[in-house]
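To start, the structure under review is shown below, and the notes come after it.
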Amino acid sequence: MASVPGMRRAMREECTCVEELVTIVECGKRRREELTKWVTGNLGGRNEMEVTELGNLSLQCMKARMALSYLIGAEGHFGQPPSKDAVSSPSDDLDFETNYSNYQSANSICEHEAHSIIELLSHCLANRAKEGAGGFSAATFTVKGVLFSIRCVMTDPKNRVVFATIDGARVNALLLKALGRYSLVADRKEEGIGAIMDAEAAEHAVFSLYLMSNYGFQESVCFTSFGKNKFLPENFEGENASVLTSKILSSYLDKDGNTPAGNHAAMQILL
């Protein structure tokens, strides 16, 4: 329901959805170190019950985070339409802005959440289920829904720093791969891609890539213990990353039916 524009204001203001979702996310924050180790495969010395508990907590936190991102980061930000619910009258607009600023802090993600949503996008693009603790079927999430959530999360600059720091090259490569699914397939219906990527999903991918480009192309301004991160791997899908990026973005701009925000993002990256 949180992904439906007409439902968001009611879910924010007429019920306790945001508070309940924040409670779930806070449970994960209290165990962030354990969850980060679990998500990255570095959790050792735990029995099966503990592993299952952490896996289930990670999955519930990720679903809560996605719902929160829709409620808080889906409208009124750079490249997004203003909230239609927020402009019924000047007084309503003021109330909305006050409440909205209070909610914005709830959109800040932890490292384990960033790892989880990157992994989720990888699974969705491959139409692959996740087995074991915290697992899900290939039909549980959609590529479009995950891309939308990533874009909503990235409305907070601090979250973009988290992504760029932990694995910027991977998330950018996955966003580029998603955009390529839309841009480079001549007949998406024939390839079965149309149900996965449409113009709106492509906008989410390219705009997220545009937001991440603020952290550099050759090297990221965000540091890790291994030094500077790359914006993309040097080689991607068997081709030079810079050449492939230009090819995908140019092909995207040549397509009919793109959104204005998507075209703007693609042109800015190419510049």
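Every chain in the structure tokens takes a letter, A first, then B, and so on in the order presented; its residues are numbered from 1, and the ligands are numbered from 1 following the presented order.
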
Can you list, as a PyMOL selection string, every protein, DNA or RNA residue that comes within 10 Å of Asn127 (chain A) when you count only C-alpha atoms, leaving out same-chain residues fewer than 6 positions away?
-> chain A and resi 121+137-139+141-143+196

For those residues, write N, CA and C atoms to a file as an mmCIF file, in the first residue's frame.
data_model
loop_
_atom_site.group_PDB
_atom_site.id
_atom_site.type_symbol
_atom_site.label_atom_id
_atom_site.label_comp_id
_atom_site.auth_asym_id
_atom_site.auth_seq_id
_atom_site.Cartn_x
_atom_site.Cartn_y
_atom_site.Cartn_z
ATOM 1 N N LEU A 121 18.362 -6.453 -4.943
ATOM 2 C CA LEU A 121 18.318 -6.040 -6.346
ATOM 3 C C LEU A 121 19.030 -7.053 -7.231
ATOM 4 N N SER A 137 11.065 -16.085 -2.063
ATOM 5 C CA SER A 137 10.910 -16.645 -3.401
ATOM 6 C C SER A 137 11.233 -15.585 -4.446
ATOM 7 N N ALA A 138 11.400 -16.026 -5.681
ATOM 8 C CA ALA A 138 11.708 -15.100 -6.769
ATOM 9 C C ALA A 138 10.548 -14.151 -7.056
ATOM 10 N N ALA A 139 9.340 -14.506 -6.591
ATOM 11 C CA ALA A 139 8.161 -13.684 -6.868
ATOM 12 C C ALA A 139 7.808 -12.736 -5.723
ATOM 13 N N PHE A 141 9.458 -10.079 -4.436
ATOM 14 C CA PHE A 141 9.753 -8.684 -4.735
ATOM 15 C C PHE A 141 9.837 -8.487 -6.242
ATOM 16 N N THR A 142 9.613 -7.260 -6.698
ATOM 17 C CA THR A 142 9.740 -6.941 -8.116
ATOM 18 C C THR A 142 10.938 -6.014 -8.322
ATOM 19 N N VAL A 143 11.528 -6.079 -9.505
ATOM 20 C CA VAL A 143 12.645 -5.193 -9.828
ATOM 21 C C VAL A 143 12.207 -3.739 -9.699
ATOM 22 N N ILE A 196 9.320 -6.607 -16.482
ATOM 23 C CA ILE A 196 10.333 -6.322 -15.470
ATOM 24 C C ILE A 196 10.683 -4.844 -15.446
#

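One distance worth recording is that between CA of Lys63 (chain A) and CA of Ser213 (chain A), which is 26.4 Å.
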
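The residue that comes closest to His77 (chain A), out of A:Met49, A:Leu211, A:Leu120, A:Leu176 and on the basis of only C-alpha atoms, is A:Leu211.
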
Any idea what's packed within 8 Å of region 261-265 of chain A, counting only C-alpha atoms, ignoring anything in its chain fewer than 2 positions away? Could you give it as a PyMOL selection string?
-> chain A and resi 79-80+202-204+206-207+210+253+258-259+267-269

Using DSSP on the backbone, list every residue of region 7-208 of chain A that comes out as helix (DSSP H, G or I), and give them as a PyMOL selection string.
-> chain A and resi 7-13+17-30+32-39+48-73+84-87+90-107+111-125+143-153+157-183+188-191+199-208

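Going from CA of Glu50 (chain A) to CA of Arg30 (chain A) covers 15.5 Å.
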
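Proximity to Gly55 (chain A) at 8 Å, evaluated using only C-alpha atoms and with sequence-adjacent residues fewer than 4 positions away removed, yields Trp38, Val51, Leu59, Ala133, Gly134 and Gly135 of chain A.
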
Could you write out the selected residues, including all heavy atoms, as an mmCIF file, in the first residue's frame?
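Saved result, selection.cif, follows:
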data_model
loop_
_atom_site.group_PDB
_atom_site.id
_atom_site.type_symbol
_atom_site.label_atom_id
_atom_site.label_comp_id
_atom_site.auth_asym_id
_atom_site.auth_seq_id
_atom_site.Cartn_x
_atom_site.Cartn_y
_atom_site.Cartn_z
ATOM 1 N N TRP A 38 26.017 -10.953 9.350
ATOM 2 C CA TRP A 38 25.177 -11.990 8.741
ATOM 3 C C TRP A 38 24.971 -11.715 7.256
ATOM 4 O O TRP A 38 25.111 -12.610 6.426
ATOM 5 C CB TRP A 38 23.819 -12.055 9.450
ATOM 6 C CG TRP A 38 22.940 -13.116 8.889
ATOM 7 C CD1 TRP A 38 22.918 -14.442 9.225
ATOM 8 C CD2 TRP A 38 21.964 -12.958 7.846
ATOM 9 N NE1 TRP A 38 21.988 -15.115 8.461
ATOM 10 C CE2 TRP A 38 21.394 -14.238 7.611
ATOM 11 C CE3 TRP A 38 21.514 -11.877 7.108
ATOM 12 C CZ2 TRP A 38 20.403 -14.440 6.658
ATOM 13 C CZ3 TRP A 38 20.527 -12.085 6.155
ATOM 14 C CH2 TRP A 38 19.984 -13.350 5.941
ATOM 15 N N VAL A 51 21.195 -18.125 13.815
ATOM 16 C CA VAL A 51 21.307 -17.727 12.417
ATOM 17 C C VAL A 51 19.929 -17.489 11.817
ATOM 18 O O VAL A 51 19.698 -16.511 11.093
ATOM 19 C CB VAL A 51 22.077 -18.789 11.610
ATOM 20 C CG1 VAL A 51 22.015 -18.486 10.112
ATOM 21 C CG2 VAL A 51 23.524 -18.866 12.066
ATOM 22 N N LEU A 59 15.297 -9.846 7.131
ATOM 23 C CA LEU A 59 14.244 -9.772 6.117
ATOM 24 C C LEU A 59 13.141 -8.817 6.539
ATOM 25 O O LEU A 59 12.677 -7.995 5.730
ATOM 26 C CB LEU A 59 13.669 -11.169 5.865
ATOM 27 C CG LEU A 59 12.514 -11.249 4.854
ATOM 28 C CD1 LEU A 59 12.964 -10.775 3.482
ATOM 29 C CD2 LEU A 59 11.962 -12.681 4.784
ATOM 30 N N ALA A 133 17.839 -19.031 5.875
ATOM 31 C CA ALA A 133 17.298 -18.052 6.819
ATOM 32 C C ALA A 133 17.172 -16.693 6.152
ATOM 33 O O ALA A 133 18.077 -16.242 5.451
ATOM 34 C CB ALA A 133 18.220 -17.951 8.034
ATOM 35 N N GLY A 134 16.028 -16.040 6.352
ATOM 36 C CA GLY A 134 15.803 -14.738 5.746
ATOM 37 C C GLY A 134 15.577 -14.809 4.246
ATOM 38 O O GLY A 134 15.702 -13.801 3.549
ATOM 39 N N GLY A 135 15.216 -16.001 3.760
ATOM 40 C CA GLY A 135 15.052 -16.194 2.326
ATOM 41 C C GLY A 135 13.687 -15.755 1.824
ATOM 42 O O GLY A 135 12.784 -15.437 2.597
#

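The nearest approach to Val39 (chain A) among the residues A:Cys152, A:Ile248, A:Leu174, A:Ile117, with only C-alpha atoms taken into account, belongs to A:Ile117.
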
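Candidate residues A:Thr155, A:Thr23, A:Ser122, A:Thr16 were compared for distance to Asn172 (chain A), and the nearest is A:Ser122, using only C-alpha atoms.
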
So which residues touch Met154 (chain A) within 9 Å, counting only C-alpha atoms, skipping near sequence neighbours fewer than 3 positions away, as a PyMOL selection string?
-> chain A and resi 73+149-151+157-160+163+208+211-212

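Distances here use only C-alpha atoms; by that measure, the residue among A:Ser69, A:Lys37, A:Val161, A:Leu271 closest to Val22 (chain A) is A:Ser69.
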
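Picture a line from CA of Ile24 (chain A) to CA of Cys61 (chain A); it runs 6.0 Å.
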